[in-house]
Structures are given as structure tokens and as C-alpha cells.
Amino acid sequence: MSAKKPILTIASVALALSASTEVAFARDQINVVGSSTVFPFATSVAERFGKNTKFKTPVVESTGSGGGLKLFCAGVGSNTPDITNASRRIKASEVELCGKNGVKDIVEVKIGYDGIVLANSRASGAMKIDRKDIFMALAKNVPDGEGKTIPNPYVTWADVNPALPAVKIEVLGPPPTSGTRDAFVELAMEGGCKTVDWISALKKTDKKAYKALCHTIREDGAFVEAGENDNLIVQKLEANPNAFGIFGYSFLDQNSDKVQGSAIGGVEPTFENIAEGAYPVSRSLFFYVKKAHVGVVPGIEEYLAEFTSEDAMGEDGYLADKGLIPMNEAEASEWVAKVKNLENLSM
């Protein structure tokens, strides 16, 4: 009498898959996702790493900071990224999502700084603006001068401030999944919003209403979501001299023959001004490493060593040539030590 064939249940398949995790995990190429701002820096490091070591060149994808962290926090295993780049710090809610999906140990790596620019074509005049003007031009609702808000009525920049050009407000910017978008609404929009006294006071009495007012961008066509591809925004600015675009300083630096950055609060978006902290719309850049993948996917520790080397992210490193604003020596040394020890993220 022949033996019965075993019945394959969902549980037995899951058990079999978990037993073979070690085999499935044996990917021989580092997988990096995340921020479009950090993408050119990560790509430069990946190319040098692949060329100068025995390891394969890491695969680097630009998915946006939020999109990258979502993929990163989906779990542990070969079908999930090893590293995600971010142009803002990871949120507590994202750490919680990671934990729920088994991503318990995360190494945080700060690589330097970047400024967010409001740029336009060199075929037009350069604009001088402050953060309140940016908020009034791009917020969904704006103060009416009597302690209330109204739907944004402004059509031209001159409507916001007579000192600004009388051209239609048209700003190309990143989507909500972008760390650049997060940083822009926090640093530029909220920075301008809280200059209105009664709105600033609202932060203490109704934080939710304050954030909704200061962080919500208008949806009537004045602001156009242009995706995660910052190079595409540069191309569109060339095609439309009246439009402005929002992206990281590195893209301004790489395309300075085509576009120019607006002075914000009287400060130009230059390497020196961002490094000194004088430029008001600047932020830190990071990437995050899944500790469970270290020692399993070959080359992760060596990739970290290359990225945090003086040759890469130092003052005269090759990433500075790409537009990365380096940390000072003391701060850089602190982060290099954390990375070398694979120190766990602490919020």
C-alpha cells in the first residue's frame, strides 16, 4: 500500500520558507533604495566601491525617502533592501513599522548636509524672497489679516509681495513621499507660517491645527508635483523660464549653467552658507542599514567604511565635488565611530 502524499498547507509552506531563509538570503549584491537627494552620492560611492573592491557594485534605486523607508521596514530577507537613503531623519512611526516587521536593529549613518533651493531658469531674473512669502504663495489656506484663514487667493508672486515679480506662481516640487518635501514644508513653509503671531500661538493651543495650516500645500495648480526625479525638474525649468523648482543644493550645483537659486531671507544658497548654517532652508542627510543583513549580504561593512571615509565625505572628498556639504571634523569623527561599531539607532 503506497504512502499518502503530504498535504501542503499554508503553514507548512511558511515553515519550509522560513527553514530556507538562510539560502534565500544569500544575495551577493547590496541593494540600496531611498532619497532622490542622496541618490547621486550613494551612486558615486557604489561605483567606486564596485571598481576598487572584490564586491559587486551595489544596486542603488531612487524611490524617495518615504518610499525607501517603507520598503526597508517591510521585513528582513533577500527580497528587502539592505540600506535606505533619507534626506530627513527616520520618523518614530517608521521605526515602529520596522519593529513590527522584524527589523529590530538599525544603524543610522549621517553623511552631511544639504540645502533646499527654490530655483529658476538663468533665462529669468534671480528672486530674493523670505520664508513668509514662500508660505503665503504655496499654502492651501492663508491668514486673512483678521485672525482667520481663507483659501489661498494669490495668483502671482507680486500678489504675495509687491517686491516680487508679477508672474504667475508655478512651482514644481517633490511628492509627499519625498524627504525634500518633508524638509521643505518644515523649514520653509512652517518657517514662514510661524512668523504670523496668532498662528505661532496656535502651536501651543492646538498643535494639530497649527501643523495642518503650516504644512498643507495648495492643490489648485500653483504647486505641481513633479515626481522624485530632480533632473526632470531642472529640464522643466529650462523649458519654462517663469516656473520655479524645489530640489536639493547638489542639483543646483550640478546644473548651475542652467538654473539659479533664490536668496532666502537675504542669504544665497551657496556651499559656504549652508556649511556655516547661515542658509535657513538646510537639512541633514542620512542612510539606514539593516543590521540583520550585515555579514550575510557580502560587503555591507566595507561599503559603510567607503561611504564614511575621509576620501568620500570629508571636506575635500569626492562627494563634496557632487554638492554634499560635509560635517565638521569633530562631528564626522563621532559618526564614523558609531558606524564602525554598528551602533544601534536611538531616537
# chains A, B, ... in the order shown; residues from 1 in each chain; ligands from 1
>>> select_by_dssp(residues="stretch 281-330 of chain A", states="strand (DSSP E)", output="list of chain:residue names")
A:Ser282, A:Arg283, A:Ser284, A:Leu285, A:Phe286, A:Phe287, A:Tyr288, A:Val289, A:Lys290
>>> write_last_selection(atoms="C-alpha atoms", output="mmCIF file, in the first residue's frame")
data_model
loop_
_atom_site.group_PDB
_atom_site.id
_atom_site.type_symbol
_atom_site.label_atom_id
_atom_site.label_comp_id
_atom_site.auth_asym_id
_atom_site.auth_seq_id
_atom_site.Cartn_x
_atom_site.Cartn_y
_atom_site.Cartn_z
ATOM 1 C CA SER A 282 19.068 73.318 5.082
ATOM 2 C CA ARG A 283 18.849 69.762 6.478
ATOM 3 C CA SER A 284 20.883 66.687 7.433
ATOM 4 C CA LEU A 285 21.244 63.698 5.106
ATOM 5 C CA PHE A 286 21.241 60.080 6.282
ATOM 6 C CA PHE A 287 21.100 56.467 5.324
ATOM 7 C CA TYR A 288 19.913 53.496 7.370
ATOM 8 C CA VAL A 289 21.333 49.979 7.443
ATOM 9 C CA LYS A 290 19.541 46.740 8.321
#
>>> select_by_dssp(residues="stretch 33-249 of chain A", states="helix (DSSP H, G or I)", output="PyMOL selection string")
chain A and resi 39-52+65-72+92-100+131-138+157-160+179-193+197-205+207-215+230-239+249
>>> closest_atom_pairs(of="stretch 231-326 of chain A", to="stretch 161-165 of chain A", cutoff="12 Å", atoms="only C-alpha atoms", output="Markdown table")
| residue | atom | partner | partner_atom | distance |
| --- | --- | --- | --- | --- |
| A:Asn242 | CA | A:Pro165 | CA | 9.7 |
| A:Ala243 | CA | A:Pro165 | CA | 11.6 |
| A:Ser262 | CA | A:Leu164 | CA | 11.5 |
>>> residues_around(residues="A:Leu342", least_positions_apart="2", cutoff="12 Å", atoms="only C-alpha atoms", output="list in words")
Asp105, Ile106, Val107, Glu108, Val109, Tyr288, Val289, Lys290, Lys291, Ala292, His293, Val294, Gly295, Ile300, Glu301, Leu304, Ala305, Trp335, Val336, Ala337, Lys338, Val339, Lys340, Asn344 and Leu345 of chain A
>>> residues_around(residues="A:Asp257", least_positions_apart="2", cutoff="8 Å", atoms="only C-alpha atoms", output="number ranges by chain")
A: 122, 255, 259
>>> write_last_selection(atoms="N, CA and C atoms", output="PDB file, in the first residue's frame")
ATOM      1  N   ARG A 122      18.117  80.368 -15.609  1.00  0.00           N
ATOM      2  CA  ARG A 122      19.033  81.504 -15.732  1.00  0.00           C
ATOM      3  C   ARG A 122      18.558  82.501 -16.793  1.00  0.00           C
ATOM      4  N   ASN A 255      23.911  71.822 -11.979  1.00  0.00           N
ATOM      5  CA  ASN A 255      23.236  72.437 -13.131  1.00  0.00           C
ATOM      6  C   ASN A 255      23.307  73.961 -13.084  1.00  0.00           C
ATOM      7  N   VAL A 259      20.344  76.725 -14.155  1.00  0.00           N
ATOM      8  CA  VAL A 259      19.403  77.260 -13.166  1.00  0.00           C
ATOM      9  C   VAL A 259      20.146  78.028 -12.075  1.00  0.00           C
TER      10      VAL A 259
END
>>> residues_around(residues="A:Gly67", least_positions_apart="6", cutoff="10 Å", atoms="only C-alpha atoms", output="list in words")
Val33, Gly34, Ser35, Thr84, Ala86, Pro176, Thr177, Ser178 and Gly179 of chain A
>>> closest_residue(among="A:Lys110, A:Gly64, A:Thr216, A:Gly50", to="A:Glu331", atoms="only C-alpha atoms")
A:Lys110
>>> closest_residue(among="A:Ile169, A:Ala330, A:Ala275, A:Ala312", to="A:Tyr113", atoms="only C-alpha atoms")
A:Ala275
>>> closest_residue(among="A:Asp28, A:Glu186, A:Glu146, A:Asp321", to="A:Trp198", atoms="only C-alpha atoms")
A:Glu146
>>> closest_residue(among="A:Glu47, A:Asp182, A:Val142, A:Ala239", to="A:Arg89", atoms="only C-alpha atoms")
A:Asp182
>>> closest_residue(among="A:Phe39, A:Tyr303, A:Phe184, A:Tyr318", to="A:Phe247", atoms="only C-alpha atoms")
A:Phe184
>>> atom_distance(atom1="atom CA of A:Ser124", atom2="atom CA of A:Pro241")
5.8 Å
>>> closest_residue(among="A:Asn141, A:Ser36, A:Asn328, A:Asn240", to="A:Met189", atoms="only C-alpha atoms")
A:Asn141
>>> closest_atom_pairs(of="stretch 51-148 of chain A", to="stretch 233-236 of chain A", cutoff="10 Å", atoms="only C-alpha atoms", output="CSV")
residue,atom,partner,partner_atom,distance
A:Ala119,CA,A:Val234,CA,8.7
A:Asn120,CA,A:Val234,CA,8.4
A:Ser121,CA,A:Val234,CA,8.3
>>> residues_around(residues="stretch 75-81 of chain A", least_positions_apart="5", cutoff="7 Å", atoms="only C-alpha atoms", output="list in words")
Ala24, Phe25, Arg27, Asn31, Val32, Val33, Cys98, Asn101, Gly102 and Val103 of chain A
>>> write_last_selection(atoms="N, CA and C atoms", output="PDB file, in the first residue's frame")
ATOM      1  N   ALA A  24      17.851  31.654   0.848  1.00  0.00           N
ATOM      2  CA  ALA A  24      17.227  32.736   0.085  1.00  0.00           C
ATOM      3  C   ALA A  24      17.930  34.066   0.343  1.00  0.00           C
ATOM      4  N   PHE A  25      18.532  34.161   1.541  1.00  0.00           N
ATOM      5  CA  PHE A  25      19.173  35.400   1.960  1.00  0.00           C
ATOM      6  C   PHE A  25      20.498  35.615   1.245  1.00  0.00           C
ATOM      7  N   ARG A  27      22.136  36.710  -1.047  1.00  0.00           N
ATOM      8  CA  ARG A  27      22.273  37.637  -2.159  1.00  0.00           C
ATOM      9  C   ARG A  27      23.695  38.183  -2.130  1.00  0.00           C
ATOM     10  N   ASN A  31      21.709  46.024  -1.924  1.00  0.00           N
ATOM     11  CA  ASN A  31      20.533  46.667  -2.501  1.00  0.00           C
ATOM     12  C   ASN A  31      20.221  47.933  -1.701  1.00  0.00           C
ATOM     13  N   VAL A  32      20.261  49.093  -2.378  1.00  0.00           N
ATOM     14  CA  VAL A  32      20.045  50.392  -1.733  1.00  0.00           C
ATOM     15  C   VAL A  32      18.855  51.089  -2.393  1.00  0.00           C
ATOM     16  N   VAL A  33      17.949  51.642  -1.580  1.00  0.00           N
ATOM     17  CA  VAL A  33      16.810  52.400  -2.101  1.00  0.00           C
ATOM     18  C   VAL A  33      16.772  53.759  -1.397  1.00  0.00           C
ATOM     19  N   CYS A  98       9.074  49.265  11.261  1.00  0.00           N
ATOM     20  CA  CYS A  98      10.209  48.348  11.118  1.00  0.00           C
ATOM     21  C   CYS A  98      10.142  47.256  12.187  1.00  0.00           C
ATOM     22  N   ASN A 101       7.683  44.513  11.749  1.00  0.00           N
ATOM     23  CA  ASN A 101       8.019  43.588  10.665  1.00  0.00           C
ATOM     24  C   ASN A 101       9.360  42.882  10.863  1.00  0.00           C
ATOM     25  N   GLY A 102       9.867  42.952  12.095  1.00  0.00           N
ATOM     26  CA  GLY A 102      11.071  42.194  12.419  1.00  0.00           C
ATOM     27  C   GLY A 102      12.380  42.900  12.166  1.00  0.00           C
ATOM     28  N   VAL A 103      12.319  44.177  11.757  1.00  0.00           N
ATOM     29  CA  VAL A 103      13.552  44.937  11.542  1.00  0.00           C
ATOM     30  C   VAL A 103      13.853  45.661  12.853  1.00  0.00           C
TER      31      VAL A 103
END
